[in-house]
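Just below is one structure, and these are the notes that go with it.
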Amino acid sequence: MELDVKDRKLLNRLQIELPLVKHPWRLIAEELELRQEEVLHKLERLKNEGYIRRIGGVFNPARLGYKGCLYAMRVEESRYYQAAAVVNSFKGVTHNYRRVGRLNMWFTLTARTAAEREAILEPIREAAGQPKLYEFPAEQVFKLKVFLNMEETSVSSASASGQARPELVNIPTEHQEIENANWQLIRELQGDLPLVPEPYSQIARRSAFGLEELFRRLQALQASGALKRIGAVLRHREAGFTANGLFVSVLPEERIPQAGQRLAGYAEVSHCYKRRAHPDWPYNLYAMIHGPNEAFVRRIAEHFAQQEGISEFDILFSTEELKKTSFSI
C-alpha cells in the first residue's frame, strides 16, 4: 500500500523516540492529532507490510562491554553464499552486505573479547577460502544516527543549499558496569514492544519491576549512554531508500576531523567514521549515504567531494542484504 501523510509522520516520529510514559501511543497520537486506536492499527499494518523492522530498544554495545568492527573481503562466486551462510550464523554479526567493487562482502562483528572475536573470524576465513580479511575499526565517530526522513525523500537539504549542518556526537565507548537486574530488562527491550495501550506495563510485569521502577531504570540506562533510545527501526528499501552507498574517501589526517563533521551534517548520511586505512586500501573517511536511487546518492557524494576538494573516493553500493538485525546480547 502507498503511505499516506499520516503514515509518514508517524514513521518519522517513532524513529526519534517512544516516550517513557504509561500510555506512550496515546501521547504520540495526541502529538499527531490521531486517535490511539488509529496509531496502533497503523503500526500493525506498517509492520505487516515490512516498513518497520522492529520497535524496541537501540543499545550502545560499547557501554555494555562489547566491541564492534567492520570487516571486508573478496570472496569467489563459487563459494560466496556458502561463506555468507557461515558469516550470518554468528549472533555477533548484525550486518552483512554484498557490495560492488574489489571487496564484495562487508560485515560487522560485535564481540566481548579478542579471543571471542578470533574464534568467529577463523571459521569465516576458512569458509571464504582464506582471502585477506580487512579490518576497519572506527578511530573516530562523527555520526551514528539512522533517521530515514519519510516526509522529505526527494530533496537533499545539504546539497540543495550547498552547506551541511554539522552534527557533533559524543558516543561513550568505555565499558560501564550494568546492574544484574538490568540485564533481563535489556533482553526484553531487544525484542519488539507489544502493540497494546500499555506496553511498558507488560515489560514491567515480565521483569518483576513496578512501572515507576522500570522507568527509573530505563532513564538511568539512557543517561549512561547504554540505551540510545526506544523507537522504530525501519527497513530501508521498503521505506523507499533503495540505494544505500558506502562512501569511502582519502584525506590527510589533519583534515579528517573537520571534514568528517561536515559530512555528518548531511541529512542523507546515517553513519560517518574515520576508519583504519591499509596500504592497498587507503580510504580513511567513511559514510553511509541513503537515497531513493543511485543517482541521488552519487550527487550527495560528489557534492561533498567537490566542496572538500577530494579527488580519491568511491561509492560502494550494496546490491544484496545478506543479513541485517539489531545488536543483541
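Chain labels A, B, ... are given in the sequence in which chains occur in the C-alpha cells; within each chain residues are numbered consecutively from 1, and ligands are likewise numbered from 1 in the order shown.
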
Task: Shell of 8 Å around stretch 85-90 of chain A, only C-alpha atoms, local chain residues under 5 positions omitted, as a ChimeraX atom specification - done: /A:96,120,123-124,127,322-323

Keeping all heavy atoms for every residue in the selection just given, could you write it to a file as a short mmCIF file (atom, residue, chain, number, x, y, z; two decimals), in the first residue's frame?
```cif
data_model
loop_
_atom_site.label_atom_id
_atom_site.label_comp_id
_atom_site.auth_asym_id
_atom_site.auth_seq_id
_atom_site.Cartn_x
_atom_site.Cartn_y
_atom_site.Cartn_z
N ASN A 96 25.50 -7.78 7.12
CA ASN A 96 26.35 -8.40 6.10
C ASN A 96 25.78 -8.02 4.74
O ASN A 96 24.61 -8.26 4.47
CB ASN A 96 26.38 -9.92 6.26
CG ASN A 96 27.39 -10.58 5.33
OD1 ASN A 96 28.22 -9.92 4.72
ND2 ASN A 96 27.31 -11.89 5.21
N ILE A 120 35.40 -16.47 16.03
CA ILE A 120 34.38 -16.28 14.99
C ILE A 120 35.03 -16.06 13.63
O ILE A 120 34.59 -16.61 12.61
CB ILE A 120 33.46 -15.11 15.37
CG1 ILE A 120 32.66 -15.44 16.63
CG2 ILE A 120 32.53 -14.75 14.20
CD1 ILE A 120 31.86 -14.28 17.18
N PRO A 123 36.60 -19.46 11.45
CA PRO A 123 35.75 -20.24 10.52
C PRO A 123 35.23 -19.41 9.36
O PRO A 123 34.95 -19.95 8.28
CB PRO A 123 34.61 -20.74 11.41
CG PRO A 123 34.63 -19.85 12.61
CD PRO A 123 36.04 -19.44 12.81
N ILE A 124 35.13 -18.10 9.53
CA ILE A 124 34.71 -17.24 8.41
C ILE A 124 35.78 -17.23 7.33
O ILE A 124 35.48 -17.38 6.14
CB ILE A 124 34.41 -15.81 8.92
CG1 ILE A 124 33.10 -15.78 9.70
CG2 ILE A 124 34.37 -14.82 7.75
CD1 ILE A 124 32.76 -14.44 10.32
N ALA A 127 35.71 -20.63 5.52
CA ALA A 127 34.57 -20.78 4.61
C ALA A 127 34.75 -19.93 3.35
O ALA A 127 34.29 -20.30 2.26
CB ALA A 127 33.27 -20.41 5.31
N LEU A 322 22.54 -9.42 2.92
CA LEU A 322 22.72 -10.81 3.31
C LEU A 322 22.25 -11.06 4.75
O LEU A 322 21.76 -12.13 5.07
CB LEU A 322 24.18 -11.21 3.16
CG LEU A 322 24.76 -11.03 1.74
CD1 LEU A 322 26.27 -11.12 1.76
CD2 LEU A 322 24.17 -12.06 0.79
N LYS A 323 22.41 -10.06 5.58
CA LYS A 323 21.91 -10.13 6.96
C LYS A 323 21.80 -8.73 7.52
O LYS A 323 22.68 -7.90 7.30
CB LYS A 323 22.83 -10.97 7.86
CG LYS A 323 22.31 -11.13 9.30
CD LYS A 323 23.24 -11.99 10.15
CE LYS A 323 22.67 -12.18 11.55
NZ LYS A 323 23.56 -13.01 12.41
#
```

- [ ] Report the residues of stretch 106-240 of chain A whose backbone DSSP state falls under strand (DSSP E or B), written as a VMD selection string.
- [x] chain A and resid 106 to 111 134 to 136 138 to 144 227 to 234

Selection export as an mmCIF file, in the first residue's frame, atoms kept: N, CA and C atoms:
```cif
data_model
loop_
_atom_site.group_PDB
_atom_site.id
_atom_site.type_symbol
_atom_site.label_atom_id
_atom_site.label_comp_id
_atom_site.auth_asym_id
_atom_site.auth_seq_id
_atom_site.Cartn_x
_atom_site.Cartn_y
_atom_site.Cartn_z
ATOM 1 N N TRP A 106 30.924 -7.333 3.020
ATOM 2 C CA TRP A 106 31.184 -6.417 4.119
ATOM 3 C C TRP A 106 30.277 -6.782 5.284
ATOM 4 N N PHE A 107 30.868 -6.995 6.459
ATOM 5 C CA PHE A 107 30.051 -7.354 7.606
ATOM 6 C C PHE A 107 30.575 -6.698 8.873
ATOM 7 N N THR A 108 29.690 -6.542 9.828
ATOM 8 C CA THR A 108 30.070 -6.001 11.132
ATOM 9 C C THR A 108 29.999 -7.121 12.161
ATOM 10 N N LEU A 109 30.946 -7.114 13.073
ATOM 11 C CA LEU A 109 31.018 -8.133 14.118
ATOM 12 C C LEU A 109 31.199 -7.444 15.461
ATOM 13 N N THR A 110 30.380 -7.819 16.420
ATOM 14 C CA THR A 110 30.468 -7.293 17.777
ATOM 15 C C THR A 110 30.742 -8.448 18.726
ATOM 16 N N ALA A 111 31.788 -8.307 19.537
ATOM 17 C CA ALA A 111 32.174 -9.372 20.464
ATOM 18 C C ALA A 111 32.718 -8.755 21.748
ATOM 19 N N TYR A 134 40.096 -7.711 5.639
ATOM 20 C CA TYR A 134 40.419 -6.330 6.015
ATOM 21 C C TYR A 134 39.621 -5.944 7.256
ATOM 22 N N GLU A 135 40.323 -5.341 8.196
ATOM 23 C CA GLU A 135 39.695 -4.896 9.439
ATOM 24 C C GLU A 135 39.657 -3.374 9.442
ATOM 25 N N PHE A 136 38.462 -2.810 9.669
ATOM 26 C CA PHE A 136 38.293 -1.359 9.634
ATOM 27 C C PHE A 136 37.676 -0.858 10.943
ATOM 28 N N ALA A 138 36.641 1.667 13.876
ATOM 29 C CA ALA A 138 36.361 3.101 13.898
ATOM 30 C C ALA A 138 37.364 3.796 14.804
ATOM 31 N N GLU A 139 38.083 4.751 14.256
ATOM 32 C CA GLU A 139 39.057 5.505 15.048
ATOM 33 C C GLU A 139 38.484 6.827 15.542
ATOM 34 N N GLN A 140 37.414 7.277 14.891
ATOM 35 C CA GLN A 140 36.697 8.469 15.336
ATOM 36 C C GLN A 140 35.282 8.398 14.781
ATOM 37 N N VAL A 141 34.308 8.723 15.621
ATOM 38 C CA VAL A 141 32.903 8.674 15.207
ATOM 39 C C VAL A 141 32.393 10.100 15.044
ATOM 40 N N PHE A 142 31.860 10.406 13.871
ATOM 41 C CA PHE A 142 31.288 11.724 13.614
ATOM 42 C C PHE A 142 29.764 11.697 13.634
ATOM 43 N N LYS A 143 29.200 10.558 13.285
ATOM 44 C CA LYS A 143 27.732 10.448 13.307
ATOM 45 C C LYS A 143 27.344 8.981 13.368
ATOM 46 N N LEU A 144 26.351 8.704 14.186
ATOM 47 C CA LEU A 144 25.784 7.357 14.272
ATOM 48 C C LEU A 144 24.311 7.551 14.599
ATOM 49 N N LEU A 227 21.605 2.779 26.709
ATOM 50 C CA LEU A 227 20.385 2.753 25.906
ATOM 51 C C LEU A 227 20.309 4.052 25.125
ATOM 52 N N LYS A 228 20.400 3.948 23.796
ATOM 53 C CA LYS A 228 20.357 5.165 22.982
ATOM 54 C C LYS A 228 18.935 5.694 22.847
ATOM 55 N N ARG A 229 17.987 4.799 22.623
ATOM 56 C CA ARG A 229 16.585 5.216 22.502
ATOM 57 C C ARG A 229 15.712 3.969 22.441
ATOM 58 N N ILE A 230 14.435 4.185 22.626
ATOM 59 C CA ILE A 230 13.424 3.183 22.324
ATOM 60 C C ILE A 230 12.612 3.749 21.170
ATOM 61 N N GLY A 231 12.564 3.035 20.073
ATOM 62 C CA GLY A 231 11.860 3.572 18.917
ATOM 63 C C GLY A 231 11.783 2.571 17.793
ATOM 64 N N ALA A 232 11.383 3.065 16.631
ATOM 65 C CA ALA A 232 11.193 2.209 15.460
ATOM 66 C C ALA A 232 12.463 2.145 14.629
ATOM 67 N N VAL A 233 12.763 0.952 14.144
ATOM 68 C CA VAL A 233 13.841 0.734 13.180
ATOM 69 C C VAL A 233 13.166 0.342 11.871
ATOM 70 N N LEU A 234 13.404 1.123 10.816
ATOM 71 C CA LEU A 234 12.735 0.888 9.543
ATOM 72 C C LEU A 234 13.568 -0.006 8.627
#
```

Task: Residues near A:Gln130, cut-off 12 Å, only C-alpha atoms, skip fewer than 3 positions along chain, as a list in words - done: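 Everything that qualifies: Met73, Arg74, Val75, Glu76, Arg79, Ala83, Leu121, Glu122, Pro123, Ile124, Arg125, Glu126, Ala127, Leu133 and Tyr134 of chain A.
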
TODO: Identify, with DSSP run on backbone atoms, the residues in stretch 3-205 of chain A assigned to alpha helix (DSSP H), and express the list as number ranges by chain.
DONE: A: 5-16, 24-31, 36-48, 80-88, 114-127, 157-161, 180-190, 199-205

Those same residues - C-alpha atoms - I'd like them written as a tab-separated table (two decimals), in the first residue's frame.
```
chain	number	residue	atom	x	y	z
A	5	VAL	CA	0.75	11.68	5.08
A	6	LYS	CA	-0.24	10.32	8.50
A	7	ASP	CA	1.78	7.13	7.96
A	8	ARG	CA	4.87	9.16	7.10
A	9	LYS	CA	4.52	11.49	10.07
A	10	LEU	CA	4.08	8.50	12.37
A	11	LEU	CA	7.16	6.73	10.99
A	12	ASN	CA	9.25	9.87	11.42
A	13	ARG	CA	8.03	10.43	14.98
A	14	LEU	CA	8.68	6.84	16.07
A	15	GLN	CA	12.23	6.86	14.72
A	16	ILE	CA	13.06	9.64	17.17
A	24	PRO	CA	3.11	6.16	25.03
A	25	TRP	CA	0.88	5.50	22.00
A	26	ARG	CA	-1.74	7.90	23.37
A	27	LEU	CA	0.87	10.63	23.73
A	28	ILE	CA	2.12	10.02	20.19
A	29	ALA	CA	-1.47	10.08	18.94
A	30	GLU	CA	-2.14	13.43	20.61
A	31	GLU	CA	1.03	14.92	19.08
A	36	GLN	CA	-4.60	5.92	19.94
A	37	GLU	CA	-6.53	3.11	18.21
A	38	GLU	CA	-5.60	4.59	14.83
A	39	VAL	CA	-1.90	4.71	15.78
A	40	LEU	CA	-1.90	1.07	16.90
A	41	HIS	CA	-3.76	-0.02	13.78
A	42	LYS	CA	-1.33	1.85	11.53
A	43	LEU	CA	1.69	0.37	13.31
A	44	GLU	CA	0.33	-3.14	12.96
A	45	ARG	CA	-0.20	-2.58	9.24
A	46	LEU	CA	3.21	-0.90	8.73
A	47	LYS	CA	4.94	-3.84	10.42
A	48	ASN	CA	2.99	-6.40	8.41
A	80	TYR	CA	30.12	-16.78	-1.94
A	81	TYR	CA	26.80	-17.91	-0.46
A	82	GLN	CA	28.42	-20.75	1.48
A	83	ALA	CA	30.70	-18.18	3.12
A	84	ALA	CA	27.78	-15.79	3.67
A	85	ALA	CA	25.86	-18.53	5.48
A	86	VAL	CA	28.80	-19.04	7.86
A	87	VAL	CA	29.17	-15.30	8.45
A	88	ASN	CA	25.45	-14.93	9.10
A	114	ALA	CA	39.64	-10.53	21.22
A	115	ALA	CA	39.60	-14.31	21.77
A	116	GLU	CA	35.85	-14.47	21.15
A	117	ARG	CA	36.24	-12.34	18.03
A	118	GLU	CA	39.03	-14.52	16.63
A	119	ALA	CA	37.04	-17.70	17.33
A	120	ILE	CA	34.38	-16.28	14.99
A	121	LEU	CA	36.71	-14.91	12.32
A	122	GLU	CA	38.66	-18.16	11.94
A	123	PRO	CA	35.75	-20.24	10.52
A	124	ILE	CA	34.71	-17.24	8.41
A	125	ARG	CA	38.13	-17.10	6.76
A	126	GLU	CA	38.05	-20.84	6.19
A	127	ALA	CA	34.57	-20.78	4.61
A	157	SER	CA	18.97	19.73	2.39
A	158	ALA	CA	22.76	19.76	2.30
A	159	SER	CA	23.28	19.65	-1.45
A	160	ALA	CA	20.38	21.99	-2.17
A	161	SER	CA	21.82	24.75	-0.02
A	180	ASN	CA	22.45	-7.65	37.18
A	181	ALA	CA	18.78	-6.73	37.46
A	182	ASN	CA	19.04	-4.61	34.32
A	183	TRP	CA	20.25	-7.40	32.03
A	184	GLN	CA	16.81	-9.02	31.90
A	185	LEU	CA	15.33	-5.61	31.13
A	186	ILE	CA	17.82	-5.12	28.30
A	187	ARG	CA	16.91	-8.53	26.87
A	188	GLU	CA	13.21	-7.64	26.99
A	189	LEU	CA	13.79	-4.42	25.08
A	190	GLN	CA	15.85	-6.15	22.38
A	199	PRO	CA	3.40	-1.74	26.51
A	200	TYR	CA	5.74	-0.83	29.36
A	201	SER	CA	3.35	-2.35	31.90
A	202	GLN	CA	3.75	-5.72	30.19
A	203	ILE	CA	7.55	-5.41	30.26
A	204	ALA	CA	7.44	-4.37	33.92
A	205	ARG	CA	5.42	-7.48	34.82
```

Excluding same-chain residues fewer than 2 positions from A:Glu321, what lies within 9 Å of it counting only C-alpha atoms, as an mmCIF file with N, CA, C and O atoms, in the first residue's frame?
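So the final result, stored in result_0.cif, reads:
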```cif
data_model
loop_
_atom_site.group_PDB
_atom_site.id
_atom_site.type_symbol
_atom_site.label_atom_id
_atom_site.label_comp_id
_atom_site.auth_asym_id
_atom_site.auth_seq_id
_atom_site.Cartn_x
_atom_site.Cartn_y
_atom_site.Cartn_z
ATOM 1 N N HIS A 95 25.210 -7.110 10.575
ATOM 2 C CA HIS A 95 25.014 -6.658 9.202
ATOM 3 C C HIS A 95 25.992 -7.404 8.282
ATOM 4 O O HIS A 95 27.156 -7.595 8.629
ATOM 5 N N ASN A 96 25.497 -7.783 7.116
ATOM 6 C CA ASN A 96 26.350 -8.397 6.101
ATOM 7 C C ASN A 96 25.780 -8.018 4.736
ATOM 8 O O ASN A 96 24.607 -8.261 4.466
ATOM 9 N N TYR A 97 26.607 -7.397 3.896
ATOM 10 C CA TYR A 97 26.155 -6.901 2.596
ATOM 11 C C TYR A 97 27.087 -7.339 1.480
ATOM 12 O O TYR A 97 28.314 -7.392 1.659
ATOM 13 N N ARG A 98 26.505 -7.628 0.343
ATOM 14 C CA ARG A 98 27.282 -7.721 -0.895
ATOM 15 C C ARG A 98 27.384 -6.300 -1.446
ATOM 16 O O ARG A 98 26.378 -5.594 -1.573
ATOM 17 N N SER A 318 25.423 -1.215 -1.997
ATOM 18 C CA SER A 318 25.028 -2.554 -1.570
ATOM 19 C C SER A 318 24.031 -3.097 -2.578
ATOM 20 O O SER A 318 23.043 -2.443 -2.908
ATOM 21 N N THR A 319 24.298 -4.284 -3.097
ATOM 22 C CA THR A 319 23.425 -4.903 -4.088
ATOM 23 C C THR A 319 22.608 -6.037 -3.495
ATOM 24 O O THR A 319 21.655 -6.505 -4.109
ATOM 25 N N LYS A 323 22.412 -10.063 5.583
ATOM 26 C CA LYS A 323 21.906 -10.133 6.957
ATOM 27 C C LYS A 323 21.803 -8.729 7.518
ATOM 28 O O LYS A 323 22.685 -7.895 7.302
ATOM 29 N N LYS A 324 20.715 -8.468 8.215
ATOM 30 C CA LYS A 324 20.579 -7.195 8.930
ATOM 31 C C LYS A 324 19.686 -7.412 10.126
ATOM 32 O O LYS A 324 18.529 -7.791 9.986
#
```

TODO: Do a neighbour search on stretch 248-250 of chain A at 8 Å with only C-alpha atoms, toss out local chain neighbours closer than 2 positions, and write the hits as an NGL selection string.
DONE: :A and (246 or 252 or 282-287 or 310 or 312-316)

- [ ] For atom CA of A:Thr94 and atom CA of A:Gly50, quote the distance in Å rounded to one decimal.
- [x]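 Calculated distance between atom CA of A:Thr94 and atom CA of A:Gly50 is 18.6 Å.
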